[in-house]
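Colleague: Sending over structure10.csv (CSV, C-alpha atoms).
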chain,number,residue,atom,x,y,z
M,1,MET,CA,15.7,7.1,5.1
M,2,ASP,CA,17.9,4.1,5.7
M,3,LEU,CA,20.0,2.7,2.8
M,4,VAL,CA,17.8,-0.3,2.2
M,5,THR,CA,14.7,1.8,2.0
M,6,CYS,CA,16.3,4.3,-0.2
M,7,CYS,CA,17.7,1.7,-2.6
M,8,SER,CA,14.4,-0.2,-2.7
M,9,VAL,CA,12.5,3.0,-3.7
M,10,ALA,CA,15.1,4.0,-6.2
M,11,PHE,CA,15.1,0.5,-7.7
M,12,SER,CA,11.3,0.5,-8.0
M,13,CYS,CA,11.4,3.9,-9.7
M,14,SER,CA,14.2,2.8,-12.0
M,15,SER,CA,12.4,-0.4,-12.9
M,16,SER,CA,9.2,1.4,-13.6
M,17,GLN,CA,11.0,4.0,-15.7
M,18,LYS,CA,12.6,1.3,-17.8
M,19,CYS,CA,9.2,-0.3,-18.5
M,20,PHE,CA,7.6,3.1,-19.2
M,21,ALA,CA,10.3,4.3,-21.6
M,22,GLU,CA,9.6,1.6,-24.3
M,23,GLY,CA,8.6,2.7,-27.8
M,24,GLU,CA,9.1,5.8,-29.9
M,25,ALA,CA,8.0,9.1,-28.2
M,26,SER,CA,5.4,9.8,-30.9
M,27,GLU,CA,3.8,6.3,-30.4
M,28,ARG,CA,3.7,6.3,-26.6
M,29,CYS,CA,0.2,6.1,-25.2
M,30,ALA,CA,-0.8,6.6,-21.5
M,31,ILE,CA,0.4,4.0,-19.0
M,32,ALA,CA,-2.4,2.1,-17.4
M,33,THR,CA,-1.2,1.0,-14.0
M,34,GLY,CA,-2.3,0.5,-10.4
M,35,ASN,CA,-1.2,-0.6,-7.0
M,36,TRP,CA,1.8,-2.7,-7.8
M,37,GLY,CA,2.9,-4.8,-4.9
M,38,CYS,CA,0.2,-3.5,-2.6
M,39,GLY,CA,-2.0,-6.6,-2.3
M,40,ALA,CA,-0.4,-9.8,-0.8
M,41,PHE,CA,3.0,-7.9,-0.5
M,42,GLY,CA,1.5,-5.2,1.6
M,43,GLY,CA,3.2,-2.2,-0.2
M,44,ASP,CA,2.3,1.4,0.6
M,45,LYS,CA,-0.3,2.5,-2.0
M,46,GLN,CA,0.6,6.1,-1.8
M,47,LEU,CA,4.3,5.5,-2.2
M,48,LYS,CA,3.8,3.1,-5.1
M,49,ALA,CA,1.5,5.6,-6.9
M,50,LEU,CA,4.1,8.3,-6.6
M,51,ILE,CA,6.9,6.0,-7.8
M,52,GLN,CA,5.0,5.2,-10.9
M,53,LEU,CA,4.0,8.9,-11.4
M,54,MET,CA,7.7,9.9,-11.1
M,55,ALA,CA,8.8,7.2,-13.5
M,56,ALA,CA,6.1,8.0,-16.1
M,57,SER,CA,6.9,11.7,-15.8
M,58,ALA,CA,10.6,11.1,-16.4
M,59,CYS,CA,9.6,9.2,-19.6
M,60,ASP,CA,7.1,12.0,-20.7
M,61,ARG,CA,4.2,9.5,-20.4
M,62,ALA,CA,0.7,10.2,-19.1
M,63,VAL,CA,-0.7,7.8,-16.4
M,64,VAL,CA,-4.1,6.3,-16.0
M,65,TYR,CA,-4.0,5.0,-12.4
M,66,PHE,CA,-6.5,2.4,-11.3
M,67,THR,CA,-7.2,2.4,-7.6
M,68,PHE,CA,-9.4,-0.7,-7.8
M,69,GLY,CA,-12.3,0.9,-6.0
M,70,ASP,CA,-10.3,2.7,-3.4
M,71,ARG,CA,-12.1,6.1,-3.5
M,72,GLN,CA,-10.0,7.7,-0.8
M,73,LEU,CA,-6.8,6.8,-2.6
M,74,LYS,CA,-8.3,8.2,-5.9
M,75,ARG,CA,-9.3,11.5,-4.2
M,76,GLN,CA,-6.0,11.9,-2.4
M,77,LEU,CA,-3.9,11.1,-5.5
M,78,GLU,CA,-5.8,13.6,-7.5
M,79,GLU,CA,-5.3,16.2,-4.8
M,80,VAL,CA,-1.5,15.6,-4.5
M,81,HIS,CA,-1.1,15.6,-8.3
M,82,LYS,CA,-3.0,18.9,-8.6
M,83,ALA,CA,-0.8,20.4,-5.9
M,84,LEU,CA,2.4,19.2,-7.5
M,85,CYS,CA,1.3,20.6,-10.9
M,86,ASP,CA,0.1,23.9,-9.5
M,87,GLY,CA,3.4,24.3,-7.7
M,88,ARG,CA,5.2,23.3,-10.9
M,89,LYS,CA,7.2,20.6,-9.0
M,90,THR,CA,9.6,18.4,-10.9
M,91,VAL,CA,10.3,14.7,-10.4
M,92,LYS,CA,13.5,15.8,-8.5
M,93,ASP,CA,11.3,18.0,-6.2
M,94,LEU,CA,9.0,15.1,-5.5
M,95,TRP,CA,11.8,12.7,-4.9
M,96,ALA,CA,13.3,15.2,-2.4
M,97,LEU,CA,9.9,15.3,-0.6
M,98,VAL,CA,9.7,11.5,-0.5
M,99,GLN,CA,13.2,11.4,1.1
M,100,LYS,CA,12.3,14.1,3.6
M,101,TYR,CA,9.2,12.2,4.5
M,102,THR,CA,11.1,9.0,5.3
M,103,LYS,CA,13.6,10.9,7.4
M,104,GLU,CA,11.0,12.9,9.4
M,105,SER,CA,7.9,10.6,9.5
M,106,ILE,CA,9.1,7.0,9.6
M,107,PRO,CA,10.7,6.0,12.9
M,108,GLU,CA,13.6,3.6,12.9
M,109,GLY,CA,12.7,-0.1,12.9
M,110,SER,CA,9.3,-1.3,11.8
M,111,ALA,CA,7.0,1.2,13.5
M,112,PRO,CA,4.3,2.6,11.3
M,113,PRO,CA,4.8,6.1,9.9
M,114,GLN,CA,3.7,9.0,12.1
M,115,GLN,CA,1.9,10.6,9.1
M,116,GLU,CA,0.7,9.5,5.7
M,117,LEU,CA,2.9,10.4,2.7
M,118,PHE,CA,0.2,12.4,0.9
M,119,ASP,CA,-0.6,14.4,4.0
M,120,PHE,CA,3.1,15.2,4.4
M,121,ILE,CA,3.5,16.3,0.8
M,122,LEU,CA,0.4,18.5,0.9
M,123,GLU,CA,1.7,20.2,4.1
M,124,GLN,CA,5.1,20.8,2.5
M,125,LEU,CA,3.5,22.4,-0.6
M,126,VAL,CA,1.5,24.9,1.3
With the file now loaded, output its structure as structure tokens.

Modeller:
Amino acid sequence: MDLVTCCSVAFSCSSSQKCFAEGEASERCAIATGNWGCGAFGGDKQLKALIQLMAASACDRAVVYFTFGDRQLKRQLEEVHKALCDGRKTVKDLWALVQKYTKESIPEGSAPPQQELFDFILEQLV
């Protein structure tokens, strides 16, 4: 992962975490969220979902994630979430997998990833 990518992901996670941490713990309801920055900005839906999942988890908040009709993303996100929970993975573990993914699956420059993030994570958790 190059420094710009690493900093961008870390900033997104930190920004999400700050937003999600608001309020007293006893009053916090689930976070309703979706594909931030994935429309006109062309962000990676899988990465954005995991960033928000990590931030919410770090704030001890549940997530209601709206995929806006993307049934494949819904199914894949549920599968990855289940695998992470079944494997008792932490936010730190997931962050390490995201970093490993960027090093191993994203070539230098602007070439598309060699593998989707969710597929990589599921392979690593086997």

Colleague: Which of these residues is nearest to Leu77 of chain M, using all atoms listed in the file: M:Ile121, M:Ile31, M:Trp95, M:Pro107?

Modeller: M:Ile121

Colleague: From the options M:Val80, M:Cys85, M:Leu125, M:Cys29, which residue's atoms come nearest to Arg61 of chain M, counting only C-alpha atoms?

Modeller: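 Smallest separation from Arg61 of chain M among the options: M:Cys29.
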
Colleague: For a quick check of understanding, using all atoms listed in the file, which of M:Val126, M:Val64, M:Val98, M:Ala32 has the smallest distance to Leu50 of chain M?

Modeller: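 So, comparing all the options, the nearest one is M:Val98.
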
Colleague: One number please: atom CA of Ala56 of chain M to atom CA of Ala30 of chain M, in Å, one decimal.

Modeller: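 Result for atom CA of Ala56 of chain M versus atom CA of Ala30 of chain M: 8.9 Å, one decimal.
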
Colleague: Could you list, as a ChimeraX atom specification, every residue within 12 Å of Thr90 of chain M, counting all atoms listed in the file and ignoring same-chain residues fewer than 3 positions away?

Modeller: /M:53-55,57-58,60,81,83-87,93-97

Colleague: Could you tell me how far atom CA of Leu122 of chain M lies from atom CA of Glu104 of chain M, in Å and to one decimal?

Modeller: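 These two atoms are separated by 14.7 Å.
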
Colleague: Tell me, in Å to one decimal, how far atom CA of Gly37 of chain M is from atom CA of Phe120 of chain M.

Modeller: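 Atom CA of Phe120 of chain M lies at a distance of 22.1 Å from atom CA of Gly37 of chain M.
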
Colleague: With only C-alpha atoms as the atoms that count, which of M:Leu117, M:Cys38, M:Val91, M:Ile106 lies nearest to Thr67 of chain M?

Modeller: M:Cys38

Colleague: Given the choices M:Thr102, M:Gln76, M:Gln115, M:Gln46, which gets closest to Gly34 of chain M if the distance is worked out from only C-alpha atoms?

Modeller: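 Checking each of M:Thr102, M:Gln76, M:Gln115, M:Gln46 against Gly34 of chain M, counting only C-alpha atoms, the winner is M:Gln46.
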